[in-house]
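**Student:** Pasting in a structure now, in structure tokens, and then I'll have a few things to ask.
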Amino acid sequence: METFIKFTNQSQGRDRIFRATQYACALSKYLLRHNAERKQLVVKLQSLESNMSSGRKLLRLGNTVNSIEAAKRTLRLSDPVLRLCLTAANINRALYFICDNVLWARNVGLIQDIDKERWSLNASRYYFLSLVMHLTRNLYVISQLMVRRARDKHFQQRVDRHLSDSPEVAEVVIPQLDGFLFLLFESLKNHPAVALDTVKNVCDLFIPMDRLGIYQSNAGVVGFCGLVSSLLGIMSLLQPNLKIKP
């Protein structure tokens, strides 16, 4: 109970709960779309989804400053690749929050004379670019882990043993590919935070890609990916050791 209270006291924690609820509603609505007996439920889910989205926009007010401060911190990283990826990601995230705040002001009537569709597309573009930079960081970290693991002499012996113990794999999978997948699995097994963050970012990527028309899916895929990403985000907040650093 203490963990739950601490989690819900964080603005990030509340946002994750709202986000999970929002995408759970979107997924449920998609699955029930052809069920005539559930029309009233679909209407309620639509209303709840809309309320969760509005609530999240309110919770995100001020996040622009947080992203700018995060960009200042990542500028001091010694690794040039991490410095570039994370700084670019935080800058794009700050621009996304600016667009998001303007859209919130438009929805509540504080601003009238703006092109809502244009600002929404710009928000999706900045969100997409931020995710691309985060995924680039993920791939860089994974490659570093794999290189370090591959240099381990004991691990080389394990790879040779794995390939010799599974001769039937050679008939189906290229040995080099099997060795690569084994190396990838072994590298991520001891670094669950990297694996979790990578999966979360891949799931998130489907949301702006669908909105921008880069990869057209459907509301069900977007809802499912958003829900999975939200649940993984909740896990990383509840278990700090599952949060990737830096």
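Naming scheme: A, B, ... for chains in displayed order of the structure tokens; residues 1 onward per chain; ligands 1 onward as shown.
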Determine, counting only C-alpha atoms, which protein, DNA and RNA residues have an atom within 8 Å of an atom of Val42 of chain A; residues of the same chain fewer than 6 positions away are not included. Present the result as a PyMOL selection string.
**Tutor:** chain A and resi 29+32-33
**Student:** Quick one: write out the picked residues with N, CA and C atoms as a compact mmCIF listing (two decimals), in the first residue's frame?
**Tutor:**
# COMPACT_ATOMS: atom_id res chain seq x y z
N LYS A 29 -12.76 -0.33 -26.95
CA LYS A 29 -13.71 0.29 -27.90
C LYS A 29 -13.56 -0.33 -29.29
N LEU A 32 -15.01 -3.89 -29.37
CA LEU A 32 -16.47 -3.94 -29.24
C LEU A 32 -17.20 -3.19 -30.36
N ARG A 33 -16.46 -2.70 -31.36
CA ARG A 33 -17.03 -1.79 -32.35
C ARG A 33 -18.16 -2.43 -33.16
**Student:** Any idea what's packed within 12 Å of Asn107 of chain A, counting only C-alpha atoms, ignoring anything in its chain fewer than 2 positions away? Could you give it as a list in words?
**Tutor:** Ser50, Ser53, Ser54, Gly55, Lys57, Leu58, Asp100, Asn101, Val102, Leu103, Trp104, Ala105, Gly109, Leu110, Ile111, Gln112, Asp113, Ile114, Asp115, Lys116 and Ser120 of chain A
**Student:** How would the residues just picked look written out with C-alpha atoms as a PDB file, in the first residue's frame?
**Tutor:**
ATOM      1  CA  SER A  50     -11.579  11.580 -23.810  1.00  0.00           C
ATOM      2  CA  SER A  53      -6.702  12.389 -22.456  1.00  0.00           C
ATOM      3  CA  SER A  54      -7.815  15.816 -21.172  1.00  0.00           C
ATOM      4  CA  GLY A  55      -6.629  14.987 -17.668  1.00  0.00           C
ATOM      5  CA  LYS A  57      -2.862  17.241 -20.870  1.00  0.00           C
ATOM      6  CA  LEU A  58      -3.508  19.098 -17.617  1.00  0.00           C
ATOM      7  CA  ASP A 100       0.501  19.842 -26.267  1.00  0.00           C
ATOM      8  CA  ASN A 101       0.045  22.826 -23.933  1.00  0.00           C
ATOM      9  CA  VAL A 102      -1.204  24.998 -26.799  1.00  0.00           C
ATOM     10  CA  LEU A 103      -3.724  22.292 -27.752  1.00  0.00           C
ATOM     11  CA  TRP A 104      -4.904  22.117 -24.122  1.00  0.00           C
ATOM     12  CA  ALA A 105      -5.366  25.904 -24.076  1.00  0.00           C
ATOM     13  CA  GLY A 109     -11.094  28.051 -24.789  1.00  0.00           C
ATOM     14  CA  LEU A 110      -8.076  30.112 -23.677  1.00  0.00           C
ATOM     15  CA  ILE A 111      -6.864  30.348 -27.288  1.00  0.00           C
ATOM     16  CA  GLN A 112      -9.123  30.457 -30.325  1.00  0.00           C
ATOM     17  CA  ASP A 113      -7.248  31.515 -33.464  1.00  0.00           C
ATOM     18  CA  ILE A 114      -4.960  28.514 -34.041  1.00  0.00           C
ATOM     19  CA  ASP A 115      -4.995  25.659 -36.516  1.00  0.00           C
ATOM     20  CA  LYS A 116      -5.694  22.723 -34.182  1.00  0.00           C
ATOM     21  CA  SER A 120      -1.596  18.312 -33.409  1.00  0.00           C
TER      22      SER A 120
END
**Student:** Contacts of Arg149 of chain A at 10 Å or less, counting only C-alpha atoms, minus same-chain residues fewer than 4 places along, as JSON, numbers by chain?
**Tutor:** {"A": [143, 144, 145, 153, 154, 155, 156, 183, 184, 186, 187]}
**Student:** Nearest to Gly213 of chain A among A:Lys243, A:Lys189, A:Lys72, A:Arg125, with distances taken over only C-alpha atoms: which residue is it?
**Tutor:** A:Arg125
**Student:** Could you find all residues in segment 111-224 of chain A that DSSP calls helix (DSSP H, G or I) from the backbone, and write them as a ChimeraX atom specification?
**Tutor:** /A:116-150,153-165,169-172,175-189,192-212,219-224
**Student:** Identify which of the residues A:Leu86, A:Val147, A:Cys225, A:Ile142 lies closest to Leu188 of chain A, counting only C-alpha atoms when measuring atom-to-atom distances.
**Tutor:** A:Ile142
**Student:** For segment 11-24 of chain A, list every protein, DNA or RNA residue within 6 Å, evaluated using only C-alpha atoms, and leave out those in the same chain fewer than 5 positions away; present the list as a VMD selection string.
**Tutor:** chain A and resid 49 52 56 223 226 to 227 230
**Student:** Of the candidates A:His134, A:His34, A:Tyr140, A:Ile207, which shows the shortest atom-to-atom distance to Ala219 of chain A, using only C-alpha atoms?
**Tutor:**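 Of A:His134, A:His34, A:Tyr140, A:Ile207, the one nearest Ala219 of chain A is A:Ile207, counting only C-alpha atoms.
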**Student:** Just the residues within 7 Å of Arg93 of chain A, please, counting only C-alpha atoms, with nothing from its chain fewer than 6 positions along; format it as a ChimeraX atom specification.
**Tutor:** /A:67,126-127,130
**Student:** So, counting only C-alpha atoms, which residue among A:Leu84, A:Asp197, A:Asn241, A:Arg211 is closest to Ala123 of chain A?
**Tutor:**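 Among the listed residues, A:Arg211 lies closest to Ala123 of chain A.
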**Student:** Env of Val222 of chain A: 12 Å cut, atoms = only C-alpha atoms, seq-sep filter 6 positions within chain, self excluded. Answer as a short mmCIF file (atom, residue, chain, number, x, y, z; two decimals) with N, CA and C atoms, in the first residue's frame.
**Tutor:**
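New file selection00.cif:
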data_model
loop_
_atom_site.label_atom_id
_atom_site.label_comp_id
_atom_site.auth_asym_id
_atom_site.auth_seq_id
_atom_site.Cartn_x
_atom_site.Cartn_y
_atom_site.Cartn_z
N GLN A 22 -6.62 5.29 -20.62
CA GLN A 22 -6.97 5.86 -21.91
C GLN A 22 -6.82 4.83 -23.04
N TYR A 23 -5.67 4.15 -23.07
CA TYR A 23 -5.43 3.20 -24.16
C TYR A 23 -6.19 1.89 -23.95
N ALA A 24 -6.47 1.53 -22.69
CA ALA A 24 -7.32 0.37 -22.43
C ALA A 24 -8.72 0.62 -22.98
N CYS A 25 -9.20 1.85 -22.81
CA CYS A 25 -10.51 2.23 -23.36
C CYS A 25 -10.49 2.18 -24.89
N ALA A 26 -9.40 2.69 -25.49
CA ALA A 26 -9.28 2.69 -26.95
C ALA A 26 -9.28 1.27 -27.50
N LEU A 27 -8.55 0.38 -26.83
CA LEU A 27 -8.49 -1.02 -27.27
C LEU A 27 -9.84 -1.71 -27.09
N SER A 28 -10.48 -1.51 -25.94
CA SER A 28 -11.78 -2.12 -25.68
C SER A 28 -12.83 -1.62 -26.67
N LYS A 29 -12.76 -0.33 -26.95
CA LYS A 29 -13.71 0.29 -27.90
C LYS A 29 -13.56 -0.33 -29.29
N TYR A 30 -12.32 -0.58 -29.68
CA TYR A 30 -12.06 -1.19 -30.99
C TYR A 30 -12.59 -2.62 -31.04
N VAL A 202 9.49 1.01 -28.71
CA VAL A 202 8.97 0.44 -29.96
C VAL A 202 7.45 0.50 -29.97
N CYS A 203 6.82 0.15 -28.84
CA CYS A 203 5.36 0.22 -28.74
C CYS A 203 4.87 1.66 -28.92
N ASP A 204 5.54 2.59 -28.25
CA ASP A 204 5.15 4.00 -28.36
C ASP A 204 5.25 4.52 -29.79
N LEU A 205 6.22 4.00 -30.54
CA LEU A 205 6.48 4.49 -31.89
C LEU A 205 5.28 4.32 -32.82
N PHE A 206 4.47 3.29 -32.58
CA PHE A 206 3.31 3.05 -33.44
C PHE A 206 2.28 4.18 -33.34
N ILE A 207 2.27 4.89 -32.20
CA ILE A 207 1.24 5.93 -32.00
C ILE A 207 1.46 7.12 -32.93
N PRO A 208 2.65 7.78 -32.92
CA PRO A 208 2.84 8.89 -33.85
C PRO A 208 2.95 8.44 -35.31
N MET A 209 3.46 7.22 -35.55
CA MET A 209 3.57 6.75 -36.94
C MET A 209 2.19 6.62 -37.57
N ASP A 210 1.22 6.15 -36.79
CA ASP A 210 -0.15 6.05 -37.30
C ASP A 210 -0.74 7.43 -37.53
N ARG A 211 -0.50 8.35 -36.60
CA ARG A 211 -1.04 9.71 -36.69
C ARG A 211 -0.45 10.46 -37.88
N TYR A 215 3.15 4.80 -40.93
CA TYR A 215 2.74 3.40 -40.96
C TYR A 215 1.31 3.34 -40.45
N GLN A 216 0.39 3.14 -41.38
CA GLN A 216 -1.03 3.11 -41.02
C GLN A 216 -1.38 1.77 -40.40
N VAL A 228 0.38 -1.48 -23.55
CA VAL A 228 1.60 -2.21 -23.18
C VAL A 228 2.67 -1.24 -22.72
N SER A 229 2.86 -0.16 -23.50
CA SER A 229 3.86 0.85 -23.15
C SER A 229 3.57 1.48 -21.78
N SER A 230 2.30 1.75 -21.52
CA SER A 230 1.91 2.36 -20.24
C SER A 230 2.19 1.43 -19.07
#
**Student:** Record the distance separating atom CA of Trp119 of chain A and atom CA of Leu212 of chain A, expressed in Å with one decimal.
**Tutor:** 12.3 Å
**Student:** What does the distance between atom CA of Leu139 of chain A and atom CA of Ala195 of chain A come to in Å, to one decimal place?
**Tutor:**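 Between these atoms lies a distance of 10.2 Å.
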